[in-house]
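Just below is one structure, and these are the notes that go with it.
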Amino acid sequence: MAETMILVPGRSQRQGTSLNEGKLKDEYKRVTSTAELNEKDMRRLKLKNGDKIKLKSNVGQTVVTCMSKKDEDLPTGMIFIPYGPPSSELMESDTAGTGMPLSKHIEVKITKVS
Amino acid sequence: MTEATQTDAKKPTPKKVDPNIGKNIKIVKDATCTFCGCVCDDMELTVDLDEHRITKAKRACVLGRAWFYEHTLDTRPGVLIDGKEATFEEGVEAAANILVDAKFPITYGMSDSTCESQRVTVEIMDIINGNIDTTTSVCHGPSGMAFQGVGESTATLGEVKNRADLVIYWGGNPAESHPRHFTRYAVTPKGMYIPNGKKDRTVVLVDVRRTPSTPVANIFMQIKPGKDFEVLWALRALVKGKKINGNIEKETGISREVLDDLVVRMKNCQFGVLFFGMGLTMTRGRHFNSGALLSLAADLNDFTHFVAKPVRGHGNVTGADNVVSWQTGYPFGVNFNRGYPRFNPGEFTMTDVLSRGEADAAMIIASDPASNFPKAAIEHMKKIPIISLDTKDTITSSIAKVRFAVSTYGINTGGTVYRMDDVPITLRPAFESNYPGDQEVLEAIRDRVKALLSGKKARLAA
């Protein structure tokens with residue numbers, strides 16, 4: 001059963017260095033397709049490092065790899081992913097008259113890809 | 001003496017061999033890194049002129065090293081039209097025709113481009129009554145709106161280095177996105193009135209999660225997602241001695257005690273600074289969040305000296321704000337359709353213009369919206385002719401009708417960029433590229449656009 005979580009895309013150091021190598025290169029694709037969840041959420045959702053998960057928002061869906069973070073580093077119910085094409089897939093285009101889509105607080109339904 | 005050290009003592013000291021002997025090497029001192037908005041201008045670059053690459057970037061951070069080492073000479077074609085190799089002149093002709101024939105041409109990007117190139121871009125859009133937007137709109141655009149609404153109590157990073165004894169980072173992770181922000185400007189460096197560096201400073205970090213920046217902070221405030229405005233507004237109330245809701249901890253994750261402690265620290269510091277990132281602008285509240293933070297900084301000036309600065313991402317995104325402002329009167333999201341500039345975020349910003357399917361041609365400079373924009377905007381980009389100028393292939397350049405490969409600013413071309421604190425810095429390029437710079441391509445397009453338009457007018461008059 002899908003569970004709703006908050007996706008927070010952001011910068012990471014490896015995302016920054018890999019985009020210099022090239023955004024069409026495998027490393028950038030790997031970095032921006034790896035989502036982090038805390039250990040508690042991983043256990044509850046019966047996930048282990050390297051499992052594929054489907055993230056679905058109101059506008060799109062994407063399949064990414066999951067990795068665990070310590071419970072104290074990432075709150076329960078939150079997913080972090082480095083910015084990139086997979087996170088854009090889930091972003092709504094409404095900017096509420098600002099020009100800025102809501103890019104850091106995306107409600108997603110998460111399911112394990114069997 | 002142990003056996004191990006006796007053995008070591010017998011070993012001859014390895015002779016240091018200069019790896020650059022026999023090579024055609026150039027040293028560029030005080031070079032500038034243009035990867036992020038820190039725009040560190042104290043780089044010492046070792047350049048292998050035979051191999052056309054930077055082999056050492058002294059003082060660069062991990063991101064800066066990747067920036068300098070990965071931008072080498074390329075072998076891809078300089079110009080592609082519909083995926084086929086073309087000459088520079090053919091590319092310019094095709095690009096100019098696309099722009100002149102369009103009813104609603106737009107341009108976007110520019111934050112990894114020099115001020116000189118940005119200036120030409122604005123000129124082109126002015127000539128063809130187009131729409132201009134920069135990556136600011138999906139970065140600190142909401143902060144730009146807040147500046148207009150409540151003003152900005154500001155300072156340079158030099159002032160921060162020399163004076164700030166309370167440094168607050170809100171909604172950002174500089175350790176990963178701007179590594180030298182801590183070490184060169186705001187946390188560890190010793191300053192005129194901060195003789196002991198970090199020991200003389202209190203560093204506060206506010207974020208929804210722990211990051212590699214967290215250990216740098218003396219105080220970490222883990223806030224609930226989407227509750228920045230509430231905490232900022234509560235701090236404003238407390239600074240003014242007003243009452244706040246007793247449910248503040250349940251609502252925001254930050255206890256009353258922590259807020260009271262921060263208020264005391266803010267009121268009693270000598271020089272306080274609030275650095276804020278996209279944790280504020282990209283979440284619920286957007287410009288209201290930035291406005292609340294800027295207002296808090298302004299309020300604190302009743303008690304002490306307090307400033308606020310956005311931490312900017314790309315190397316010259318601040319330059320884009322400055323150039324578009326001085327050329328049009330507005331910082332981003334500017335439309336020339338009526339022959340004069342109009343500013344309206346939400347209407348003339350690129351995500352909106354593309355998502356509504358309005359633009360019929362786009363010139364994308366040094367950015368990759370086809371990778372970073374919402375799906376609806378990307379879908380529309382695939383339907384219209386795109387002109388792309390970039391140093392590397394991206395998803396945007398791969399869908400472009402006309403694609404120019406250009407040299408890298410700061411590495412191959414000179415010019416001016418603005419640091420995130422609006423200080424202009426001159427670039428010192430390291431080696432020549434086989435590709436032209438943005439400015440050269442844009443000037444050629446501008447000249448051809450002018451010629452096409454004057455021909456059009458002459459035909460209409462006849």
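Labels used: A, B, ... for chains in the order of the structure tokens, numbers from 1 for residues in each chain, and numbers from 1 for ligands as shown.
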
May I ask you to extract the residues of chain B within 8 Å of chain A, using only C-alpha atoms, and to give them as a PyMOL selection string?
chain B and resi 62-63+66-67+70-71+137-139+141-142+173+176-177+208-211+225-226+279+281-284+286-287+333+345-352+355+371-377+392-395

Just write the chosen residues, N, CA and C atoms, as a CSV table (one decimal), in the first residue's frame.
```
chain,number,residue,atom,x,y,z
B,62,VAL,N,35.9,21.5,-3.3
B,62,VAL,CA,35.6,20.3,-4.1
B,62,VAL,C,34.8,20.6,-5.3
B,63,LEU,N,33.9,21.5,-5.2
B,63,LEU,CA,33.0,21.9,-6.4
B,63,LEU,C,33.9,22.7,-7.4
B,66,ALA,N,36.1,20.4,-9.4
B,66,ALA,CA,35.4,19.7,-10.4
B,66,ALA,C,35.1,20.7,-11.6
B,67,TRP,N,34.8,21.9,-11.2
B,67,TRP,CA,34.5,23.0,-12.3
B,67,TRP,C,35.8,23.2,-13.1
B,70,GLU,N,37.0,19.7,-15.0
B,70,GLU,CA,36.1,19.0,-16.0
B,70,GLU,C,35.9,19.9,-17.2
B,71,HIS,N,36.2,21.2,-17.2
B,71,HIS,CA,36.0,22.0,-18.4
B,71,HIS,C,37.3,22.0,-19.2
B,137,SER,N,14.4,33.3,-11.3
B,137,SER,CA,13.0,33.0,-11.0
B,137,SER,C,12.7,31.7,-10.3
B,138,VAL,N,13.6,30.7,-10.5
B,138,VAL,CA,13.4,29.4,-9.8
B,138,VAL,C,14.6,29.3,-8.8
B,139,CYS,N,15.0,30.4,-8.3
B,139,CYS,CA,16.1,30.4,-7.3
B,139,CYS,C,15.7,31.3,-6.2
B,141,GLY,N,14.1,34.2,-6.9
B,141,GLY,CA,13.0,35.1,-7.4
B,141,GLY,C,12.1,35.6,-6.4
B,142,PRO,N,11.5,34.7,-5.5
B,142,PRO,CA,10.7,35.1,-4.5
B,142,PRO,C,11.4,36.1,-3.5
B,173,ASN,N,22.4,24.7,2.9
B,173,ASN,CA,23.4,23.7,3.3
B,173,ASN,C,24.7,24.0,2.6
B,176,GLU,N,27.7,21.8,1.4
B,176,GLU,CA,27.6,21.0,0.2
B,176,GLU,C,27.4,21.9,-1.1
B,177,SER,N,26.7,23.0,-0.9
B,177,SER,CA,26.4,23.8,-2.1
B,177,SER,C,27.4,25.0,-2.3
B,208,VAL,N,15.3,21.8,7.9
B,208,VAL,CA,14.3,20.7,8.1
B,208,VAL,C,15.0,19.3,8.4
B,209,ARG,N,16.3,19.3,8.1
B,209,ARG,CA,17.0,18.0,8.2
B,209,ARG,C,18.5,18.3,8.6
B,210,ARG,N,19.1,17.3,9.2
B,210,ARG,CA,20.6,17.5,9.5
B,210,ARG,C,21.4,17.3,8.2
B,211,THR,N,22.3,18.1,8.0
B,211,THR,CA,23.1,18.0,6.7
B,211,THR,C,24.6,18.1,7.1
B,225,PRO,N,8.9,20.9,8.2
B,225,PRO,CA,8.8,21.4,6.8
B,225,PRO,C,7.6,22.3,6.6
B,226,GLY,N,7.9,23.4,5.9
B,226,GLY,CA,6.8,24.3,5.6
B,226,GLY,C,6.4,25.3,6.7
B,279,GLY,N,15.6,26.8,0.9
B,279,GLY,CA,14.7,26.3,1.9
B,279,GLY,C,13.6,27.2,2.2
B,281,THR,N,12.7,29.9,-0.2
B,281,THR,CA,12.0,30.4,-1.4
B,281,THR,C,11.3,29.3,-2.2
B,282,MET,N,11.7,28.0,-2.0
B,282,MET,CA,11.1,26.9,-2.8
B,282,MET,C,10.0,26.2,-2.0
B,283,THR,N,9.7,26.7,-0.8
B,283,THR,CA,8.7,26.0,0.0
B,283,THR,C,7.4,26.9,0.1
B,284,ARG,N,6.4,26.3,0.8
B,284,ARG,CA,5.2,27.0,1.0
B,284,ARG,C,5.5,28.4,1.6
B,286,ARG,N,7.0,30.9,0.0
B,286,ARG,CA,7.9,31.5,-0.9
B,286,ARG,C,8.3,33.0,-0.6
B,287,HIS,N,7.8,34.0,-1.3
B,287,HIS,CA,8.3,35.4,-1.1
B,287,HIS,C,7.8,35.9,0.3
B,333,GLY,N,11.9,38.0,-15.1
B,333,GLY,CA,10.5,38.0,-15.5
B,333,GLY,C,10.0,39.3,-16.2
B,345,PRO,N,6.1,38.6,-12.0
B,345,PRO,CA,6.3,37.2,-11.7
B,345,PRO,C,5.0,36.4,-11.7
B,346,GLY,N,5.1,35.2,-12.3
B,346,GLY,CA,3.9,34.4,-12.4
B,346,GLY,C,3.2,34.6,-13.8
B,347,GLU,N,3.5,35.7,-14.4
B,347,GLU,CA,3.0,35.9,-15.8
B,347,GLU,C,4.2,35.8,-16.8
B,348,PHE,N,5.3,36.5,-16.5
B,348,PHE,CA,6.4,36.6,-17.4
B,348,PHE,C,7.6,35.8,-17.0
B,349,THR,N,7.4,35.0,-16.0
B,349,THR,CA,8.5,34.1,-15.6
B,349,THR,C,8.4,32.8,-16.4
B,350,MET,N,9.5,32.2,-16.6
B,350,MET,CA,9.7,31.1,-17.6
B,350,MET,C,8.8,29.9,-17.4
B,351,THR,N,8.8,29.4,-16.1
B,351,THR,CA,8.0,28.3,-15.8
B,351,THR,C,6.5,28.5,-16.2
B,352,ASP,N,6.0,29.7,-15.9
B,352,ASP,CA,4.6,30.0,-16.2
B,352,ASP,C,4.4,30.2,-17.7
B,355,SER,N,4.7,26.7,-19.2
B,355,SER,CA,3.6,25.7,-18.8
B,355,SER,C,2.3,26.1,-19.4
B,371,SER,N,15.7,19.9,-18.1
B,371,SER,CA,16.0,18.9,-17.0
B,371,SER,C,15.4,19.4,-15.7
B,372,ASN,N,15.3,20.7,-15.5
B,372,ASN,CA,14.9,21.1,-14.1
B,372,ASN,C,13.5,21.7,-14.0
B,373,PHE,N,12.8,21.9,-15.1
B,373,PHE,CA,11.5,22.6,-15.0
B,373,PHE,C,10.4,21.5,-14.8
B,374,PRO,N,9.2,22.0,-14.4
B,374,PRO,CA,8.1,21.1,-14.3
B,374,PRO,C,7.7,20.5,-15.6
B,375,LYS,N,7.1,19.3,-15.6
B,375,LYS,CA,6.8,18.5,-16.7
B,375,LYS,C,6.0,19.3,-17.8
B,376,ALA,N,5.0,20.1,-17.4
B,376,ALA,CA,4.2,20.8,-18.4
B,376,ALA,C,5.1,21.8,-19.2
B,377,ALA,N,6.0,22.4,-18.5
B,377,ALA,CA,6.9,23.4,-19.2
B,377,ALA,C,7.9,22.6,-20.2
B,392,LYS,N,28.4,22.4,-22.2
B,392,LYS,CA,28.3,21.0,-22.3
B,392,LYS,C,27.0,20.6,-22.8
B,393,ASP,N,26.9,19.4,-23.3
B,393,ASP,CA,25.6,18.9,-23.8
B,393,ASP,C,24.7,18.6,-22.6
B,394,THR,N,23.4,19.0,-22.7
B,394,THR,CA,22.4,18.8,-21.7
B,394,THR,C,21.1,18.3,-22.3
B,395,ILE,N,20.1,18.0,-21.5
B,395,ILE,CA,18.8,17.6,-22.1
B,395,ILE,C,18.3,18.7,-23.0
```

List every residue of region 15-107 of chain A that DSSP, applied to the backbone, labels as alpha helix (DSSP H), and write the result as a PyMOL selection string.
chain A and resi 15-21+26-31+39-44+85-88

Skip Thr72 (chain B) itself and residues of its chain fewer than 5 positions away, then list as a ChimeraX atom specification all residues within 8 Å of it, counting only C-alpha atoms.
/B:52-54

Selection file, N, CA and C atoms, as an mmCIF file, in the first residue's frame:
```
data_model
loop_
_atom_site.group_PDB
_atom_site.id
_atom_site.type_symbol
_atom_site.label_atom_id
_atom_site.label_comp_id
_atom_site.auth_asym_id
_atom_site.auth_seq_id
_atom_site.Cartn_x
_atom_site.Cartn_y
_atom_site.Cartn_z
ATOM 1 N N HIS B 52 45.618 21.821 -22.915
ATOM 2 C CA HIS B 52 44.461 22.712 -22.759
ATOM 3 C C HIS B 52 43.590 22.279 -21.587
ATOM 4 N N ARG B 53 44.218 22.157 -20.455
ATOM 5 C CA ARG B 53 43.432 21.816 -19.257
ATOM 6 C C ARG B 53 44.093 22.371 -18.007
ATOM 7 N N ILE B 54 43.263 22.583 -16.995
ATOM 8 C CA ILE B 54 43.771 23.030 -15.700
ATOM 9 C C ILE B 54 44.140 21.784 -14.906
#
```

10 Å contact set for Tyr108 (chain B), only C-alpha atoms, chain neighbours under 2 positions out, as a short mmCIF file (atom, residue, chain, number, x, y, z; two decimals) with N, CA and C atoms, in the first residue's frame:
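Dumped to around.cif:
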```cif
data_model
loop_
_atom_site.label_atom_id
_atom_site.label_comp_id
_atom_site.auth_asym_id
_atom_site.auth_seq_id
_atom_site.Cartn_x
_atom_site.Cartn_y
_atom_site.Cartn_z
N ILE B 106 11.11 33.96 -26.27
CA ILE B 106 11.55 34.11 -24.88
C ILE B 106 13.04 33.76 -24.78
N MET B 110 21.18 32.44 -18.40
CA MET B 110 22.14 33.54 -18.26
C MET B 110 22.95 33.57 -16.96
N SER B 111 22.65 32.71 -15.99
CA SER B 111 23.33 32.85 -14.71
C SER B 111 24.74 32.26 -14.73
N THR B 121 22.07 39.88 -24.45
CA THR B 121 20.82 39.11 -24.44
C THR B 121 19.62 40.02 -24.22
N ASN B 131 10.52 38.18 -24.37
CA ASN B 131 10.32 37.99 -22.93
C ASN B 131 11.63 37.45 -22.34
N ILE B 132 12.09 38.05 -21.25
CA ILE B 132 13.37 37.66 -20.70
C ILE B 132 13.21 37.20 -19.24
N ASP B 133 13.81 36.07 -18.97
CA ASP B 133 13.80 35.59 -17.58
C ASP B 133 15.12 34.88 -17.32
N THR B 134 15.53 34.86 -16.06
CA THR B 134 16.80 34.24 -15.72
C THR B 134 16.54 33.12 -14.70
N THR B 135 17.57 32.37 -14.38
CA THR B 135 17.37 31.28 -13.41
C THR B 135 17.00 31.81 -12.03
N THR B 136 17.11 33.11 -11.85
CA THR B 136 16.67 33.71 -10.58
C THR B 136 15.22 33.34 -10.27
N SER B 137 14.38 33.25 -11.30
CA SER B 137 12.96 33.03 -11.01
C SER B 137 12.72 31.69 -10.32
N PHE B 332 14.01 40.25 -13.12
CA PHE B 332 13.76 38.98 -13.85
C PHE B 332 12.31 39.01 -14.30
N GLY B 333 11.89 38.04 -15.11
CA GLY B 333 10.48 37.99 -15.52
C GLY B 333 10.03 39.26 -16.20
N THR B 349 7.41 34.99 -15.97
CA THR B 349 8.48 34.07 -15.56
C THR B 349 8.39 32.79 -16.38
N MET B 350 9.54 32.18 -16.58
CA MET B 350 9.65 31.14 -17.62
C MET B 350 8.81 29.89 -17.35
N ALA B 362 12.34 29.80 -28.14
CA ALA B 362 13.09 30.07 -26.90
C ALA B 362 14.59 30.02 -27.15
N MET B 363 15.30 31.00 -26.56
CA MET B 363 16.76 30.98 -26.60
C MET B 363 17.24 30.70 -25.16
N ILE B 364 17.88 29.58 -24.97
CA ILE B 364 18.29 29.16 -23.63
C ILE B 364 19.81 29.30 -23.52
N ILE B 365 20.23 30.12 -22.57
CA ILE B 365 21.66 30.41 -22.43
C ILE B 365 22.18 29.85 -21.11
N ALA B 366 23.13 28.93 -21.23
CA ALA B 366 23.84 28.40 -20.05
C ALA B 366 22.91 27.90 -18.96
N SER B 367 21.89 27.19 -19.34
CA SER B 367 21.04 26.55 -18.32
C SER B 367 20.30 25.38 -18.95
N ASP B 368 19.64 24.62 -18.11
CA ASP B 368 19.06 23.36 -18.58
C ASP B 368 17.62 23.18 -18.10
N PRO B 369 16.72 24.07 -18.54
CA PRO B 369 15.33 23.96 -18.06
C PRO B 369 14.65 22.65 -18.46
N SER B 388 20.07 26.89 -28.27
CA SER B 388 20.76 26.59 -27.02
C SER B 388 22.23 26.99 -27.10
#
```

Region 198-207 of chain B surroundings by only C-alpha atoms, 9 Å radius, close-in-sequence under 2 positions cut, as JSON, numbers by chain:
{"B": [164, 165, 166, 167, 168, 169, 170, 171, 172, 173, 186, 187, 188, 189, 190, 194, 195, 196, 209, 210, 211, 213, 214, 216, 217, 218, 219, 220, 221, 222, 223, 224, 225, 262, 265, 279]}

Where in region 75-258 of chain B does DSSP assign strand (DSSP E or B), given as a PyMOL selection string?
chain B and resi 79-81+84-85+105-109+131-134+166-170+202-207+219-222

Just-selected residues, N, CA and C atoms written as a PDB file, in the first residue's frame:
```pdb
ATOM      1  N   VAL B  79      28.457  23.869 -33.946  1.00  0.00           N
ATOM      2  CA  VAL B  79      27.057  24.234 -34.208  1.00  0.00           C
ATOM      3  C   VAL B  79      26.319  23.019 -34.763  1.00  0.00           C
ATOM      4  N   LEU B  80      25.122  22.794 -34.246  1.00  0.00           N
ATOM      5  CA  LEU B  80      24.232  21.777 -34.808  1.00  0.00           C
ATOM      6  C   LEU B  80      22.911  22.436 -35.163  1.00  0.00           C
ATOM      7  N   ILE B  81      22.389  22.117 -36.337  1.00  0.00           N
ATOM      8  CA  ILE B  81      21.026  22.545 -36.682  1.00  0.00           C
ATOM      9  C   ILE B  81      20.239  21.270 -36.975  1.00  0.00           C
ATOM     10  N   LYS B  84      22.287  18.255 -37.153  1.00  0.00           N
ATOM     11  CA  LYS B  84      23.334  18.103 -38.172  1.00  0.00           C
ATOM     12  C   LYS B  84      24.357  19.230 -38.036  1.00  0.00           C
ATOM     13  N   GLU B  85      25.627  18.884 -38.257  1.00  0.00           N
ATOM     14  CA  GLU B  85      26.699  19.856 -38.116  1.00  0.00           C
ATOM     15  C   GLU B  85      26.524  21.010 -39.102  1.00  0.00           C
ATOM     16  N   PRO B 105       8.764  35.296 -28.605  1.00  0.00           N
ATOM     17  CA  PRO B 105      10.069  34.683 -28.310  1.00  0.00           C
ATOM     18  C   PRO B 105      10.478  34.939 -26.855  1.00  0.00           C
ATOM     19  N   ILE B 106      11.112  33.958 -26.270  1.00  0.00           N
ATOM     20  CA  ILE B 106      11.555  34.111 -24.883  1.00  0.00           C
ATOM     21  C   ILE B 106      13.038  33.759 -24.777  1.00  0.00           C
ATOM     22  N   THR B 107      13.671  34.307 -23.764  1.00  0.00           N
ATOM     23  CA  THR B 107      15.027  33.861 -23.455  1.00  0.00           C
ATOM     24  C   THR B 107      15.104  33.554 -21.972  1.00  0.00           C
ATOM     25  N   TYR B 108      15.972  32.602 -21.642  1.00  0.00           N
ATOM     26  CA  TYR B 108      16.039  32.145 -20.259  1.00  0.00           C
ATOM     27  C   TYR B 108      17.448  31.662 -19.946  1.00  0.00           C
ATOM     28  N   GLY B 109      17.816  31.766 -18.686  1.00  0.00           N
ATOM     29  CA  GLY B 109      19.103  31.234 -18.219  1.00  0.00           C
ATOM     30  C   GLY B 109      20.009  32.361 -17.772  1.00  0.00           C
ATOM     31  N   ASN B 131      10.525  38.177 -24.369  1.00  0.00           N
ATOM     32  CA  ASN B 131      10.321  37.985 -22.926  1.00  0.00           C
ATOM     33  C   ASN B 131      11.627  37.450 -22.344  1.00  0.00           C
ATOM     34  N   ILE B 132      12.086  38.052 -21.251  1.00  0.00           N
ATOM     35  CA  ILE B 132      13.373  37.659 -20.698  1.00  0.00           C
ATOM     36  C   ILE B 132      13.209  37.199 -19.245  1.00  0.00           C
ATOM     37  N   ASP B 133      13.814  36.070 -18.965  1.00  0.00           N
ATOM     38  CA  ASP B 133      13.798  35.590 -17.585  1.00  0.00           C
ATOM     39  C   ASP B 133      15.125  34.884 -17.321  1.00  0.00           C
ATOM     40  N   THR B 134      15.532  34.859 -16.063  1.00  0.00           N
ATOM     41  CA  THR B 134      16.799  34.236 -15.718  1.00  0.00           C
ATOM     42  C   THR B 134      16.538  33.121 -14.702  1.00  0.00           C
ATOM     43  N   LEU B 166      27.426  37.035  15.015  1.00  0.00           N
ATOM     44  CA  LEU B 166      26.299  36.090  15.025  1.00  0.00           C
ATOM     45  C   LEU B 166      25.924  35.810  13.575  1.00  0.00           C
ATOM     46  N   VAL B 167      26.088  34.566  13.173  1.00  0.00           N
ATOM     47  CA  VAL B 167      25.832  34.183  11.781  1.00  0.00           C
ATOM     48  C   VAL B 167      24.744  33.116  11.767  1.00  0.00           C
ATOM     49  N   ILE B 168      23.627  33.445  11.113  1.00  0.00           N
ATOM     50  CA  ILE B 168      22.501  32.506  11.063  1.00  0.00           C
ATOM     51  C   ILE B 168      22.299  32.057   9.614  1.00  0.00           C
ATOM     52  N   TYR B 169      22.289  30.756   9.396  1.00  0.00           N
ATOM     53  CA  TYR B 169      21.969  30.201   8.073  1.00  0.00           C
ATOM     54  C   TYR B 169      20.563  29.618   8.161  1.00  0.00           C
ATOM     55  N   TRP B 170      19.704  30.048   7.254  1.00  0.00           N
ATOM     56  CA  TRP B 170      18.311  29.580   7.301  1.00  0.00           C
ATOM     57  C   TRP B 170      17.951  28.919   5.959  1.00  0.00           C
ATOM     58  N   THR B 202      29.025  33.099  16.956  1.00  0.00           N
ATOM     59  CA  THR B 202      28.022  32.069  17.224  1.00  0.00           C
ATOM     60  C   THR B 202      27.351  31.774  15.895  1.00  0.00           C
ATOM     61  N   VAL B 203      27.315  30.490  15.553  1.00  0.00           N
ATOM     62  CA  VAL B 203      26.723  30.097  14.272  1.00  0.00           C
ATOM     63  C   VAL B 203      25.442  29.310  14.549  1.00  0.00           C
ATOM     64  N   VAL B 204      24.361  29.741  13.910  1.00  0.00           N
ATOM     65  CA  VAL B 204      23.058  29.087  14.075  1.00  0.00           C
ATOM     66  C   VAL B 204      22.642  28.549  12.714  1.00  0.00           C
ATOM     67  N   LEU B 205      22.111  27.340  12.691  1.00  0.00           N
ATOM     68  CA  LEU B 205      21.636  26.767  11.434  1.00  0.00           C
ATOM     69  C   LEU B 205      20.182  26.330  11.608  1.00  0.00           C
ATOM     70  N   VAL B 206      19.341  26.743  10.680  1.00  0.00           N
ATOM     71  CA  VAL B 206      17.927  26.363  10.724  1.00  0.00           C
ATOM     72  C   VAL B 206      17.631  25.553   9.470  1.00  0.00           C
ATOM     73  N   ASP B 207      17.164  24.332   9.656  1.00  0.00           N
ATOM     74  CA  ASP B 207      16.877  23.488   8.485  1.00  0.00           C
ATOM     75  C   ASP B 207      15.874  22.406   8.879  1.00  0.00           C
ATOM     76  N   ILE B 219      24.380  26.202  17.285  1.00  0.00           N
ATOM     77  CA  ILE B 219      22.979  25.918  17.602  1.00  0.00           C
ATOM     78  C   ILE B 219      22.303  25.429  16.328  1.00  0.00           C
ATOM     79  N   PHE B 220      21.677  24.259  16.410  1.00  0.00           N
ATOM     80  CA  PHE B 220      20.934  23.748  15.250  1.00  0.00           C
ATOM     81  C   PHE B 220      19.449  23.728  15.592  1.00  0.00           C
ATOM     82  N   MET B 221      18.655  24.353  14.760  1.00  0.00           N
ATOM     83  CA  MET B 221      17.211  24.378  14.974  1.00  0.00           C
ATOM     84  C   MET B 221      16.544  23.565  13.870  1.00  0.00           C
ATOM     85  N   GLN B 222      16.035  22.394  14.234  1.00  0.00           N
ATOM     86  CA  GLN B 222      15.386  21.541  13.219  1.00  0.00           C
ATOM     87  C   GLN B 222      13.902  21.880  13.163  1.00  0.00           C
TER      88      GLN B 222
END
```

Write out as a ChimeraX atom specification which residues come within 10 Å of Met42 (chain A) when counting only C-alpha atoms, dropping same-chain ones fewer than 4 positions away.
/A:36-38,46-49,66-69,76

Can you spit out the residues from that selection as a CSV table (one decimal), in the first residue's frame, using N, CA and C atoms?
```csv
chain,number,residue,atom,x,y,z
A,36,GLU,N,16.9,9.4,-0.4
A,36,GLU,CA,17.3,9.0,0.9
A,36,GLU,C,16.1,9.0,1.8
A,37,LEU,N,15.9,7.9,2.6
A,37,LEU,CA,14.9,7.8,3.7
A,37,LEU,C,15.5,7.5,5.0
A,38,ASN,N,14.9,7.8,6.1
A,38,ASN,CA,15.6,7.4,7.3
A,38,ASN,C,15.3,5.9,7.6
A,46,LYS,N,9.7,-1.9,4.5
A,46,LYS,CA,10.4,-3.1,4.1
A,46,LYS,C,11.3,-2.9,3.0
A,47,LEU,N,12.1,-1.8,3.1
A,47,LEU,CA,13.1,-1.5,2.0
A,47,LEU,C,14.5,-1.7,2.5
A,48,LYS,N,15.3,-2.0,1.6
A,48,LYS,CA,16.8,-2.1,1.9
A,48,LYS,C,17.5,-1.2,0.9
A,49,ASN,N,18.8,-0.9,1.2
A,49,ASN,CA,19.6,0.0,0.3
A,49,ASN,C,19.6,-0.6,-1.1
A,66,CYS,N,16.6,3.7,-3.5
A,66,CYS,CA,16.6,4.3,-2.2
A,66,CYS,C,17.8,3.9,-1.4
A,67,MET,N,18.2,4.8,-0.5
A,67,MET,CA,19.3,4.6,0.4
A,67,MET,C,18.9,5.1,1.8
A,68,SER,N,19.4,4.5,2.8
A,68,SER,CA,19.0,4.9,4.2
A,68,SER,C,19.9,6.0,4.8
A,69,LYS,N,19.3,6.8,5.6
A,69,LYS,CA,20.0,7.8,6.4
A,69,LYS,C,19.7,7.6,7.8
A,76,THR,N,11.3,11.4,10.1
A,76,THR,CA,10.4,10.4,9.6
A,76,THR,C,9.4,11.1,8.7
```

Extract, using only C-alpha atoms, all DNA, RNA and protein residues at most 9 Å from Leu300 (chain B), discarding same-chain residues fewer than 6 positions from it, and format them as a list in words.
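Skipping anything fewer than 6 positions along the chain leaves Arg236, Val239, Lys240, Met266, Lys267, Gly272, Phe306 and Val307 of chain B.
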
Just give me the gap between CA of Ile81 (chain A) and CA of Leu55 (chain A) in Å, one decimal is fine.
11.2 Å

Which is closest to Ile79 (chain A) among A:Lys109, A:Ala35, A:Arg30, A:Leu45, if we use only C-alpha atoms?
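Closest to Ile79 (chain A), using only C-alpha atoms: A:Ala35.
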